[in-house]
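Structure file target-v6.cif with mmCIF, C-alpha atoms:
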```cif
data_query
loop_
_atom_site.label_atom_id
_atom_site.label_comp_id
_atom_site.auth_asym_id
_atom_site.auth_seq_id
_atom_site.Cartn_x
_atom_site.Cartn_y
_atom_site.Cartn_z
CA MET A 905 -4.16 9.06 21.50
CA GLN A 906 -3.04 12.52 20.39
CA MET A 907 0.07 12.51 18.21
CA ARG A 908 2.84 15.03 18.86
CA GLN A 909 5.48 16.78 16.77
CA SER A 910 7.88 13.94 17.62
CA HIS A 911 5.56 11.49 15.82
CA ARG A 912 5.50 13.68 12.73
CA THR A 913 9.29 14.08 12.71
CA ALA A 914 9.90 10.36 13.18
CA LEU A 915 7.49 9.46 10.37
CA GLN A 916 9.13 11.96 8.02
CA ASP A 917 12.56 10.45 8.79
CA LEU A 918 11.24 6.98 7.99
CA LEU A 919 9.52 8.08 4.77
CA ILE A 920 12.53 10.06 3.52
CA TRP A 921 15.12 7.38 4.36
CA ARG A 922 13.10 4.36 3.20
CA ARG A 923 14.62 2.93 0.04
CA ASP A 924 14.06 -0.01 -2.27
CA VAL A 925 17.23 -1.84 -1.24
CA ARG A 926 19.12 -4.14 -3.63
CA HIS A 927 22.55 -4.03 -1.93
CA PHE A 928 22.61 -6.14 1.23
CA ARG A 929 25.26 -7.19 3.70
CA PRO A 930 25.15 -10.96 4.25
CA ASP A 931 24.67 -10.83 8.07
CA PRO A 932 21.56 -12.64 9.30
CA VAL A 933 18.51 -10.81 10.65
CA ASP A 934 17.89 -11.24 14.37
CA PRO A 935 14.86 -13.59 14.74
CA ALA A 936 13.45 -11.36 17.52
CA CYS A 937 13.52 -8.46 15.09
CA LEU A 938 11.73 -10.54 12.45
CA THR A 939 9.04 -11.29 15.03
CA ARG A 940 8.61 -7.57 15.71
CA LEU A 941 8.20 -6.94 11.96
CA GLN A 942 5.61 -9.71 11.78
CA ARG A 943 3.65 -8.09 14.63
CA SER A 944 3.80 -4.65 12.98
CA MET A 945 2.23 -6.09 9.85
CA GLU A 946 -0.86 -7.09 11.87
CA HIS A 947 -1.76 -3.39 12.16
CA ALA A 948 -2.04 -2.77 8.42
CA PRO A 949 -5.43 -1.62 7.10
CA SER A 950 -7.55 -4.18 5.27
CA VAL A 951 -10.87 -4.12 3.47
CA GLY A 952 -13.61 -5.52 5.74
CA ASN A 953 -10.87 -6.27 8.32
CA ALA A 954 -10.15 -9.33 6.14
CA ARG A 955 -6.34 -9.35 6.63
CA PRO A 956 -5.83 -11.45 3.50
CA TRP A 957 -2.00 -11.41 3.45
CA ARG A 958 -0.18 -14.74 3.71
CA VAL A 959 3.60 -14.86 4.13
CA LEU A 960 5.97 -17.63 3.06
CA GLN A 961 9.52 -17.22 4.34
CA VAL A 962 11.64 -18.92 1.70
CA GLU A 963 14.57 -20.76 3.30
CA ASN A 964 15.00 -23.78 1.04
CA ALA A 965 18.09 -23.32 -1.16
CA GLN A 966 16.61 -25.10 -4.17
CA ARG A 967 13.48 -22.94 -4.05
CA ARG A 968 15.56 -19.77 -3.74
CA ALA A 969 17.63 -20.83 -6.73
CA GLU A 970 14.47 -21.37 -8.80
CA VAL A 971 13.14 -17.91 -7.83
CA ILE A 972 16.48 -16.38 -8.86
CA ALA A 973 16.31 -18.25 -12.17
CA SER A 974 12.79 -16.84 -12.73
CA PHE A 975 14.10 -13.33 -12.03
CA ASP A 976 17.04 -13.80 -14.41
CA ALA A 977 14.76 -15.00 -17.21
CA CYS A 978 12.16 -12.25 -16.69
CA ASN A 979 14.87 -9.59 -16.43
CA ALA A 980 16.55 -10.72 -19.65
CA ALA A 981 13.16 -10.66 -21.41
CA ALA A 982 12.40 -7.21 -19.98
CA ALA A 983 15.69 -5.85 -21.33
CA GLN A 984 14.53 -6.75 -24.86
CA ALA A 985 11.83 -4.07 -24.59
CA TYR A 986 14.53 -1.39 -24.69
CA GLU A 987 16.85 -0.44 -27.53
CA ASP A 988 20.40 0.85 -27.82
CA ALA A 989 21.37 3.27 -25.01
CA ALA A 990 18.21 2.55 -22.99
CA GLN A 991 18.96 -1.18 -23.10
CA ARG A 992 22.55 -0.58 -21.94
CA ASP A 993 21.22 1.64 -19.13
CA TYR A 994 18.69 -1.03 -18.16
CA LEU A 995 21.26 -3.83 -18.09
CA ALA A 996 23.59 -1.69 -15.94
CA LEU A 997 20.96 -1.39 -13.18
CA LYS A 998 21.01 -3.75 -10.21
CA LEU A 999 17.31 -4.51 -9.81
CA ALA A 1000 17.28 -7.15 -7.07
CA GLY A 1001 19.32 -8.36 -4.12
CA LEU A 1002 18.02 -11.93 -4.27
CA ARG A 1003 21.47 -13.54 -4.09
CA GLU A 1004 22.68 -11.57 -1.06
CA ALA A 1005 19.57 -10.94 1.07
CA PRO A 1006 19.45 -13.22 4.13
CA VAL A 1007 15.62 -13.20 4.24
CA HIS A 1008 13.23 -13.85 1.35
CA LEU A 1009 9.50 -13.27 1.95
CA ALA A 1010 6.87 -14.17 -0.61
CA VAL A 1011 3.67 -12.31 0.25
CA PHE A 1012 0.43 -13.66 -1.17
CA THR A 1013 -3.22 -12.58 -1.05
CA ASP A 1014 -5.78 -15.25 -0.19
CA LEU A 1015 -8.46 -14.50 -2.78
CA ALA A 1016 -10.89 -16.85 -1.01
CA VAL A 1017 -10.47 -15.39 2.47
CA ALA A 1018 -13.59 -15.87 4.61
CA GLU A 1019 -12.71 -13.06 7.01
CA GLY A 1020 -14.31 -9.73 6.19
CA ARG A 1021 -17.40 -11.56 4.84
CA GLY A 1022 -16.94 -9.85 1.47
CA LEU A 1023 -17.52 -6.39 2.93
CA GLY A 1024 -16.28 -3.45 0.86
CA ARG A 1025 -15.17 -5.37 -2.21
CA GLN A 1026 -18.19 -6.05 -4.37
CA THR A 1027 -17.54 -3.13 -6.74
CA MET A 1028 -13.74 -2.92 -6.30
CA PRO A 1029 -12.52 -6.49 -5.60
CA GLU A 1030 -8.92 -5.36 -6.15
CA THR A 1031 -9.06 -3.84 -2.64
CA LEU A 1032 -8.27 -7.32 -1.31
CA SER A 1033 -4.81 -7.30 -2.95
CA TYR A 1034 -4.50 -3.62 -2.05
CA SER A 1035 -4.80 -4.64 1.63
CA THR A 1036 -1.80 -6.92 1.19
CA VAL A 1037 0.10 -4.08 -0.50
CA MET A 1038 -0.47 -1.88 2.56
CA ALA A 1039 0.71 -4.72 4.81
CA ILE A 1040 3.90 -4.88 2.72
CA HIS A 1041 4.33 -1.11 3.02
CA THR A 1042 3.82 -1.41 6.79
CA LEU A 1043 6.55 -4.07 6.91
CA TRP A 1044 8.77 -1.82 4.79
CA LEU A 1045 8.52 1.13 7.20
CA ALA A 1046 8.88 -1.11 10.28
CA ALA A 1047 12.01 -2.64 8.72
CA ARG A 1048 13.47 0.81 8.11
CA ALA A 1049 12.78 1.71 11.76
CA GLU A 1050 14.89 -1.36 12.68
CA ASN A 1051 17.64 -0.14 10.31
CA LEU A 1052 16.90 -3.01 7.93
CA GLY A 1053 16.48 -2.66 4.18
CA LEU A 1054 13.70 -4.13 2.08
CA GLY A 1055 13.56 -4.56 -1.68
CA TRP A 1056 10.39 -5.44 -3.62
CA VAL A 1057 11.20 -7.68 -6.59
CA SER A 1058 8.47 -7.40 -9.24
CA ILE A 1059 10.49 -8.82 -12.15
CA LEU A 1060 9.17 -12.34 -11.60
CA ASP A 1061 6.52 -14.59 -13.12
CA PRO A 1062 3.91 -14.75 -10.33
CA VAL A 1063 2.47 -18.07 -11.52
CA GLU A 1064 5.94 -19.63 -11.59
CA VAL A 1065 6.74 -18.36 -8.09
CA HIS A 1066 3.41 -19.77 -6.88
CA ARG A 1067 4.42 -23.19 -8.28
CA ILE A 1068 7.99 -23.04 -6.93
CA LEU A 1069 6.71 -22.35 -3.42
CA ASP A 1070 3.85 -24.86 -3.59
CA ALA A 1071 1.39 -22.20 -2.43
CA PRO A 1072 -2.29 -23.01 -1.84
CA ALA A 1073 -4.54 -22.71 -4.90
CA THR A 1074 -6.51 -19.68 -3.68
CA TRP A 1075 -3.39 -17.60 -3.02
CA ALA A 1076 -2.03 -15.10 -5.57
CA LEU A 1077 1.45 -13.59 -5.35
CA THR A 1078 1.32 -9.90 -4.46
CA GLY A 1079 4.99 -9.17 -3.77
CA TYR A 1080 8.33 -10.95 -3.37
CA LEU A 1081 10.55 -9.22 -0.81
CA CYS A 1082 14.25 -9.27 0.03
CA LEU A 1083 15.11 -8.24 3.59
CA GLY A 1084 18.42 -7.69 5.34
CA HIS A 1085 20.98 -5.16 6.50
CA PRO A 1086 21.57 -2.56 3.78
CA GLN A 1087 25.09 -1.75 2.64
CA THR A 1088 24.33 1.98 2.77
CA THR A 1089 21.51 4.36 3.65
CA SER A 1090 20.31 7.17 1.41
CA ASP A 1091 17.54 9.74 1.14
CA THR A 1092 17.51 9.53 -2.69
CA PRO A 1093 15.93 6.77 -4.78
CA LEU A 1094 18.47 4.57 -6.57
CA LEU A 1095 16.72 5.04 -9.94
CA HIS A 1096 17.06 8.82 -9.50
CA GLN A 1097 20.75 8.47 -8.58
CA ALA A 1098 21.36 6.14 -11.52
CA GLY A 1099 19.72 8.55 -13.98
CA TRP A 1100 17.01 6.08 -15.03
CA GLN A 1101 14.08 8.14 -13.75
CA ALA A 1102 14.36 11.47 -11.92
CA ASP A 1103 11.99 12.19 -9.04
CA THR A 1104 8.86 13.99 -10.21
CA ARG A 1105 6.16 15.81 -8.26
CA CYS A 1106 2.48 14.98 -8.36
CA THR A 1107 0.14 17.95 -8.40
CA TRP A 1108 -3.32 17.88 -6.88
CA GLN A 1109 -6.13 19.29 -8.96
CA VAL A 1110 -9.45 20.58 -7.68
CA ARG A 1111 -12.72 19.31 -9.19
CA MET B 704 20.54 7.89 8.77
CA GLN B 705 20.39 5.45 11.68
CA MET B 706 16.95 5.11 13.25
CA ARG B 707 16.57 5.07 17.01
CA GLN B 708 14.16 3.53 19.51
CA SER B 709 12.14 6.77 19.35
CA HIS B 710 11.47 6.13 15.64
CA ARG B 711 10.26 2.61 16.37
CA THR B 712 7.98 3.78 19.19
CA ALA B 713 6.50 6.61 17.11
CA LEU B 714 5.80 4.28 14.18
CA GLN B 715 4.12 1.74 16.46
CA ASP B 716 1.89 4.49 17.91
CA LEU B 717 0.88 5.55 14.40
CA LEU B 718 0.21 1.99 13.22
CA ILE B 719 -1.79 1.05 16.31
CA TRP B 720 -3.89 4.23 16.40
CA ARG B 721 -4.51 4.51 12.64
CA ARG B 722 -8.15 3.75 11.89
CA ASP B 723 -10.47 3.72 8.90
CA VAL B 724 -12.48 6.76 10.01
CA ARG B 725 -16.15 7.20 9.10
CA HIS B 726 -17.14 9.61 11.89
CA PHE B 727 -15.85 13.12 11.23
CA ARG B 728 -16.28 16.49 12.88
CA PRO B 729 -17.26 19.12 10.32
CA ASP B 730 -14.34 21.53 11.03
CA PRO B 731 -12.22 22.31 7.97
CA VAL B 732 -8.67 20.99 7.53
CA ASP B 733 -5.93 23.63 7.71
CA PRO B 734 -4.64 24.16 4.13
CA ALA B 735 -1.03 24.21 5.41
CA CYS B 736 -1.63 20.78 6.90
CA LEU B 737 -3.04 19.52 3.61
CA THR B 738 0.12 20.76 1.89
CA ARG B 739 2.26 18.81 4.36
CA LEU B 740 0.24 15.66 3.61
CA GLN B 741 0.71 16.23 -0.11
CA ARG B 742 4.48 16.50 0.39
CA SER B 743 4.57 13.32 2.49
CA MET B 744 2.91 11.41 -0.33
CA GLU B 745 5.87 12.26 -2.61
CA HIS B 746 8.03 9.88 -0.57
CA ALA B 747 5.93 6.78 -1.25
CA PRO B 748 7.63 3.88 -3.05
CA SER B 749 6.78 3.38 -6.71
CA VAL B 750 7.69 0.83 -9.34
CA GLY B 751 10.44 2.23 -11.60
CA ASN B 752 10.15 5.54 -9.64
CA ALA B 753 7.07 6.13 -11.83
CA ARG B 754 4.97 7.94 -9.16
CA PRO B 755 1.74 7.22 -11.05
CA TRP B 756 -0.71 8.60 -8.46
CA ARG B 757 -2.96 11.51 -9.49
CA VAL B 758 -5.12 13.29 -6.93
CA LEU B 759 -8.39 15.12 -7.53
CA GLN B 760 -9.62 17.10 -4.54
CA VAL B 761 -13.40 17.09 -4.93
CA GLU B 762 -14.87 20.44 -3.84
CA ASN B 763 -17.81 20.88 -6.22
CA ALA B 764 -21.09 20.24 -4.35
CA GLN B 765 -22.84 18.65 -7.34
CA ARG B 766 -19.96 16.23 -7.91
CA ARG B 767 -19.88 15.31 -4.23
CA ALA B 768 -23.62 14.65 -4.30
CA GLU B 769 -23.18 12.35 -7.32
CA VAL B 770 -20.40 10.41 -5.57
CA ILE B 771 -22.63 10.03 -2.50
CA ALA B 772 -25.46 8.79 -4.74
CA SER B 773 -23.06 6.22 -6.24
CA PHE B 774 -22.11 5.06 -2.75
CA ASP B 775 -25.76 4.79 -1.68
CA ALA B 776 -26.65 2.71 -4.74
CA CYS B 777 -23.61 0.43 -4.44
CA ASN B 778 -24.15 0.01 -0.71
CA ALA B 779 -27.82 -0.93 -1.16
CA ALA B 780 -26.83 -3.47 -3.83
CA ALA B 781 -24.07 -4.86 -1.59
CA ALA B 782 -26.56 -5.39 1.26
CA GLN B 783 -28.54 -7.74 -1.00
CA ALA B 784 -25.64 -10.20 -0.89
CA TYR B 785 -26.40 -10.88 2.77
CA GLU B 786 -29.42 -12.57 4.30
CA ASP B 787 -31.39 -12.21 7.53
CA ALA B 788 -29.19 -11.35 10.54
CA ALA B 789 -26.10 -10.69 8.41
CA GLN B 790 -28.07 -8.22 6.29
CA ARG B 791 -29.34 -6.43 9.39
CA ASP B 792 -25.77 -6.34 10.74
CA TYR B 793 -24.50 -4.97 7.41
CA LEU B 794 -27.14 -2.25 7.22
CA ALA B 795 -26.37 -1.18 10.81
CA LEU B 796 -22.73 -0.42 9.90
CA LYS B 797 -21.65 3.09 9.02
CA LEU B 798 -19.32 2.44 6.09
CA ALA B 799 -18.45 5.95 4.91
CA GLY B 800 -18.22 9.51 6.17
CA LEU B 801 -18.84 11.09 2.76
CA ARG B 802 -21.52 13.49 4.01
CA GLU B 803 -19.49 14.87 6.93
CA ALA B 804 -15.86 14.79 5.79
CA PRO B 805 -14.57 18.27 4.89
CA VAL B 806 -12.06 16.88 2.36
CA HIS B 807 -12.72 14.37 -0.43
CA LEU B 808 -9.73 13.03 -2.37
CA ALA B 809 -10.13 10.79 -5.41
CA VAL B 810 -6.82 9.05 -6.05
CA PHE B 811 -6.23 7.66 -9.53
CA THR B 812 -3.42 5.72 -11.19
CA ASP B 813 -2.21 6.97 -14.57
CA LEU B 814 -1.99 3.70 -16.49
CA ALA B 815 -0.12 5.44 -19.33
CA VAL B 816 2.50 7.15 -17.17
CA ALA B 817 5.74 7.77 -19.09
CA GLU B 818 7.86 8.06 -15.95
CA GLY B 819 9.59 4.86 -14.91
CA ARG B 820 9.93 3.87 -18.59
CA GLY B 821 8.06 0.63 -17.92
CA LEU B 822 10.70 -0.66 -15.54
CA GLY B 823 9.63 -3.43 -13.16
CA ARG B 824 6.13 -3.99 -14.50
CA GLN B 825 6.34 -6.21 -17.54
CA THR B 826 5.44 -9.40 -15.64
CA MET B 827 3.39 -7.79 -12.83
CA PRO B 828 1.74 -4.67 -14.33
CA GLU B 829 -0.49 -4.38 -11.26
CA THR B 830 2.53 -2.92 -9.43
CA LEU B 831 1.62 0.43 -10.98
CA SER B 832 -1.68 0.57 -9.06
CA TYR B 833 0.12 -0.92 -6.05
CA SER B 834 2.41 2.15 -6.07
CA THR B 835 -0.67 4.36 -5.75
CA VAL B 836 -1.94 2.17 -2.90
CA MET B 837 1.32 2.76 -1.01
CA ALA B 838 1.01 6.50 -1.63
CA ILE B 839 -2.49 6.34 -0.11
CA HIS B 840 -1.13 4.41 2.89
CA THR B 841 1.62 7.03 3.25
CA LEU B 842 -1.04 9.75 3.27
CA TRP B 843 -3.03 7.75 5.82
CA LEU B 844 -0.13 7.55 8.29
CA ALA B 845 0.87 11.18 7.72
CA ALA B 846 -2.75 12.22 8.38
CA ARG B 847 -2.79 10.23 11.61
CA ALA B 848 0.44 11.97 12.67
CA GLU B 849 -1.44 15.28 12.17
CA ASN B 850 -4.33 13.93 14.30
CA LEU B 851 -6.54 13.74 11.24
CA GLY B 852 -8.66 10.75 10.27
CA LEU B 853 -8.87 9.13 6.85
CA GLY B 854 -11.47 6.72 5.54
CA TRP B 855 -11.11 4.70 2.33
CA VAL B 856 -14.45 4.31 0.57
CA SER B 857 -14.40 1.26 -1.73
CA ILE B 858 -18.18 0.86 -2.07
CA LEU B 859 -18.29 2.89 -5.28
CA ASP B 860 -18.50 2.20 -9.00
CA PRO B 861 -15.02 3.26 -10.19
CA VAL B 862 -16.16 3.91 -13.77
CA GLU B 863 -18.99 6.12 -12.53
CA VAL B 864 -16.66 8.10 -10.24
CA HIS B 865 -14.27 8.53 -13.18
CA ARG B 866 -17.13 10.03 -15.21
CA ILE B 867 -18.45 12.23 -12.38
CA LEU B 868 -15.01 13.76 -11.91
CA ASP B 869 -14.25 14.09 -15.62
CA ALA B 870 -10.90 12.35 -15.13
CA PRO B 871 -8.47 11.87 -18.05
CA ALA B 872 -9.00 8.71 -20.10
CA THR B 873 -5.79 6.96 -19.01
CA TRP B 874 -6.53 7.34 -15.30
CA ALA B 875 -8.16 4.55 -13.26
CA LEU B 876 -9.65 5.09 -9.81
CA THR B 877 -7.58 3.41 -7.10
CA GLY B 878 -9.17 4.84 -3.95
CA TYR B 879 -11.71 7.46 -2.85
CA LEU B 880 -10.74 9.03 0.47
CA CYS B 881 -12.53 11.05 3.13
CA LEU B 882 -10.30 13.23 5.31
CA GLY B 883 -11.01 15.35 8.34
CA HIS B 884 -10.90 15.59 12.11
CA PRO B 885 -12.12 12.33 13.66
CA GLN B 886 -14.83 12.37 16.32
CA THR B 887 -12.85 9.90 18.44
CA THR B 888 -9.55 8.01 18.42
CA SER B 889 -9.25 4.28 19.03
CA ASP B 890 -6.69 1.47 18.89
CA THR B 891 -9.34 -1.07 17.78
CA PRO B 892 -10.79 -1.45 14.27
CA LEU B 893 -14.44 -0.40 14.02
CA LEU B 894 -15.43 -3.70 12.34
CA HIS B 895 -13.93 -5.56 15.31
CA GLN B 896 -15.78 -3.31 17.79
CA ALA B 897 -19.02 -3.71 15.84
CA GLY B 898 -18.74 -7.51 15.82
CA TRP B 899 -18.65 -7.78 12.01
CA GLN B 900 -15.13 -9.24 11.78
CA ALA B 901 -12.84 -9.90 14.74
CA ASP B 902 -9.12 -9.21 14.36
CA THR B 903 -7.23 -12.31 13.22
CA ARG B 904 -3.52 -13.07 13.14
CA CYS B 905 -1.57 -14.02 10.06
CA THR B 906 1.01 -16.75 10.54
CA TRP B 907 4.22 -16.95 8.55
CA GLN B 908 5.14 -20.32 7.14
CA VAL B 909 8.59 -21.48 6.12
CA ARG B 910 9.17 -22.98 2.66
#
```
Can I see the file as C-alpha cells?
Amino acid sequence: MQMRQSHRTALQDLLIWRRDVRHFRPDPVDPACLTRLQRSMEHAPSVGNARPWRVLQVENAQRRAEVIASFDACNAAAAQAYEDAAQRDYLALKLAGLREAPVHLAVFTDLAVAEGRGLGRQTMPETLSYSTVMAIHTLWLAARAENLGLGWVSILDPVEVHRILDAPATWALTGYLCLGHPQTTSDTPLLHQAGWQADTRCTWQVR
Amino acid sequence: MQMRQSHRTALQDLLIWRRDVRHFRPDPVDPACLTRLQRSMEHAPSVGNARPWRVLQVENAQRRAEVIASFDACNAAAAQAYEDAAQRDYLALKLAGLREAPVHLAVFTDLAVAEGRGLGRQTMPETLSYSTVMAIHTLWLAARAENLGLGWVSILDPVEVHRILDAPATWALTGYLCLGHPQTTSDTPLLHQAGWQADTRCTWQVR
C-alpha cells in the first residue's frame, strides 16, 4: 500500500498530541474500544516475530491498592535523591494517575517465549523487552487516536508488582500503564510545562 | 485536539503495512525527507523528558564494511544454535539489508544524560533505553508514512559497533537501522511468510 499525505498528517497529529497522561476523568472506557486497542497492539514489531508481550488488566481493588502503595513508597524514596528546591519541585509534580484511571494494564515480557525460536536475540537479548516496549508505544498511539490518554508509571518496584499480580515466573514487568479519558489535551509535555525539564533537540552526527 | 475516524484509519494503515524491511532498492533517500523523519523522532515519549537517544548516520565506507563484517560473524555464530532443518531454514532467511540500504543509522542511548534529572528511573533504570526504543518506533512509523522501509538489525555485537563508530563512552547501542526504499510492500511479516514463526495472538488476562 502506498501512503498518502493524509497518512503523514494524521501521524504527525498523533505524535504531537500524544502525552504521558496523569490527570484522568473517572468515566469508564468502552469495552469495544479496549478491544480495538488490544487488536492494534498485535501489529507491533517484535524480534523474530516472537510477540513476547503479556498483558494483565488489573481490576481487583486490593491489588490496585497494593500497586498504589508500591508507587507511594518508591516515589517517597525517589524524592530523597533531590535536595532543597529540586526536592520541592519533585514533590509538587503529579507523576501518576493510578487513583483516578479506570483501566490499569501491567505489561510483561515473557523471557522464556518459545515463539521466534530465539532469532535475532543472541547478541542483544534486550530486544525481547524492546519488542514489548514497541507494543506499549503502539497501544499509546492507538489510545490517542481514540481520544484516550495513557500514562506509563515507572516509579514502581517491578519485583513487587510481579508478586502483587501473581504473574508467571518467566514474566518480567516492562511497563505499568494507566488508561482513561484525559482531563485535557495538550501538545506540550507536562514536564516541560512544569519547568522540570525543557524539551531539547537531538542532533544527528555523521560517521 | 480531538482525533477523528480519519486518524484511526491512517494509524491502522501504518501499523498494518509497517514491516521489518531487508530488501531495499538502491535509490538514495531525499535529504528533506530524512530531516522530516528526524523531526518526527523529537516527539517520542521519554522518561523524565530526558530524550536520551543519540543518532549516528554511518556514511563512511570502511565503517559500514566493519559493521557488515560484525553482522556476518554474529549471524554465522547464531546459525550454530540451530540443528539440521532449523539451521537450513535459518541460513535461508535474509535477516538484514545492510549491503543495499542507502542509509545506516546507529541509535544509541546516552546512559549519563543530564536531562530529565533522573526522574522516573530510580527503580526501573531500563526506561532510559526504552525511551530510545520508542524513538526508533516513532521513526519506523514516520518512515512508513513516507513510503520508506526500515529494518532493525539486532544480529550485531553492540560493543564492537560502539568501537567501529567511535561513539562516546557513555553511549550504549540500542538499535542499528537500515533505511531506504523497499522493494515491495506487504501487510504480512516476512518471518510469517517464510514459515519461520507464524503470527500469534496475545491474550489479555484479568487480575
Report as JSON lines: every residue of chain A with an atom at most 6 Å from chain B, its closest pair of atoms, and their distance in Å to one decimal, counting only C-alpha atoms, with rows sorted by chain and ascending residue number.
```
{"residue": "A:Met907", "atom": "CA", "partner": "B:Ala848", "partner_atom": "CA", "distance": 5.6}
{"residue": "A:His911", "atom": "CA", "partner": "B:Ala713", "partner_atom": "CA", "distance": 5.1}
{"residue": "A:Arg912", "atom": "CA", "partner": "B:Ala848", "partner_atom": "CA", "distance": 5.3}
{"residue": "A:Ala914", "atom": "CA", "partner": "B:His710", "partner_atom": "CA", "distance": 5.1}
{"residue": "A:Leu919", "atom": "CA", "partner": "B:His746", "partner_atom": "CA", "distance": 5.8}
{"residue": "A:His947", "atom": "CA", "partner": "B:Leu718", "partner_atom": "CA", "distance": 5.8}
{"residue": "A:Val959", "atom": "CA", "partner": "B:Trp907", "partner_atom": "CA", "distance": 4.9}
{"residue": "A:Leu960", "atom": "CA", "partner": "B:Gln908", "partner_atom": "CA", "distance": 5.0}
{"residue": "A:Gln961", "atom": "CA", "partner": "B:Val909", "partner_atom": "CA", "distance": 4.7}
{"residue": "A:Val962", "atom": "CA", "partner": "B:Arg910", "partner_atom": "CA", "distance": 4.8}
{"residue": "A:Glu963", "atom": "CA", "partner": "B:Arg910", "partner_atom": "CA", "distance": 5.9}
{"residue": "A:Gly1020", "atom": "CA", "partner": "B:Gln900", "partner_atom": "CA", "distance": 5.7}
{"residue": "A:Gly1024", "atom": "CA", "partner": "B:Ile858", "partner_atom": "CA", "distance": 5.5}
{"residue": "A:Thr1027", "atom": "CA", "partner": "B:Asp860", "partner_atom": "CA", "distance": 5.9}
{"residue": "A:Ala1049", "atom": "CA", "partner": "B:Arg711", "partner_atom": "CA", "distance": 5.3}
{"residue": "A:Ser1058", "atom": "CA", "partner": "B:Gly823", "partner_atom": "CA", "distance": 5.7}
{"residue": "A:Ile1059", "atom": "CA", "partner": "B:Gly823", "partner_atom": "CA", "distance": 5.6}
{"residue": "A:Asp1061", "atom": "CA", "partner": "B:Thr826", "partner_atom": "CA", "distance": 5.9}
{"residue": "A:Gln1101", "atom": "CA", "partner": "B:Gly819", "partner_atom": "CA", "distance": 5.7}
{"residue": "A:Trp1108", "atom": "CA", "partner": "B:Val758", "partner_atom": "CA", "distance": 4.9}
{"residue": "A:Gln1109", "atom": "CA", "partner": "B:Leu759", "partner_atom": "CA", "distance": 5.0}
{"residue": "A:Val1110", "atom": "CA", "partner": "B:Gln760", "partner_atom": "CA", "distance": 4.7}
{"residue": "A:Arg1111", "atom": "CA", "partner": "B:Val761", "partner_atom": "CA", "distance": 4.9}
```
Exercise for the section: Would you kindly translate the PyMOL selection byres ((chain B and resi 885) around 6) into the concrete residues it picks from this file, as a PyMOL selection string? Expected result: chain B and resi 726-728+852+884+886-887
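One distance worth recording is that between atom CA of His865 of chain B and atom CA of Phe811 of chain B, which is 8.9 Å.
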Handout entry: Point-to-point distance from atom CA of Arg1003 of chain A to atom CA of Asp931 of chain A, Å rounded to tenths
Key = 12.9 Å
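From atom CA of Gly1001 of chain A back to atom CA of Val971 of chain A, the distance works out to 12.0 Å.
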Exercise for the section: Please provide the set of residues having any atom within 9 Å of Asp792 of chain B, restricted to only C-alpha atoms, with same-chain residues fewer than 4 positions apart removed, written as a list in words. Expected result: Asp787, Ala788, Leu796, Ala897, Gly898 and Trp899 of chain B
Problem - Non-local contacts of Thr1074 of chain A (8 Å; all atoms listed in the file; under 2 positions in same chain excluded) as a PyMOL selection string - result: chain A and resi 1014-1016+1072+1076
Would you pull segment 770-784 of chain B out of the block just shown and save C-alpha atoms as a PDB file, in the first residue's frame?
```pdb
ATOM      1  CA  VAL B 770      29.552  -3.294  10.659  1.00  0.00           C
ATOM      2  CA  ILE B 771      28.681  -5.752   7.878  1.00  0.00           C
ATOM      3  CA  ALA B 772      31.595  -7.972   8.946  1.00  0.00           C
ATOM      4  CA  SER B 773      30.255  -7.898  12.527  1.00  0.00           C
ATOM      5  CA  PHE B 774      26.823  -8.925  11.258  1.00  0.00           C
ATOM      6  CA  ASP B 775      28.277 -11.759   9.159  1.00  0.00           C
ATOM      7  CA  ALA B 776      30.258 -13.121  12.118  1.00  0.00           C
ATOM      8  CA  CYS B 777      27.346 -12.841  14.575  1.00  0.00           C
ATOM      9  CA  ASN B 778      24.938 -14.376  12.071  1.00  0.00           C
ATOM     10  CA  ALA B 779      27.238 -17.336  11.397  1.00  0.00           C
ATOM     11  CA  ALA B 780      27.605 -17.893  15.151  1.00  0.00           C
ATOM     12  CA  ALA B 781      23.826 -17.615  15.642  1.00  0.00           C
ATOM     13  CA  ALA B 782      23.229 -20.287  12.985  1.00  0.00           C
ATOM     14  CA  GLN B 783      25.237 -22.743  15.100  1.00  0.00           C
ATOM     15  CA  ALA B 784      22.495 -22.644  17.735  1.00  0.00           C
TER      16      ALA B 784
END
```
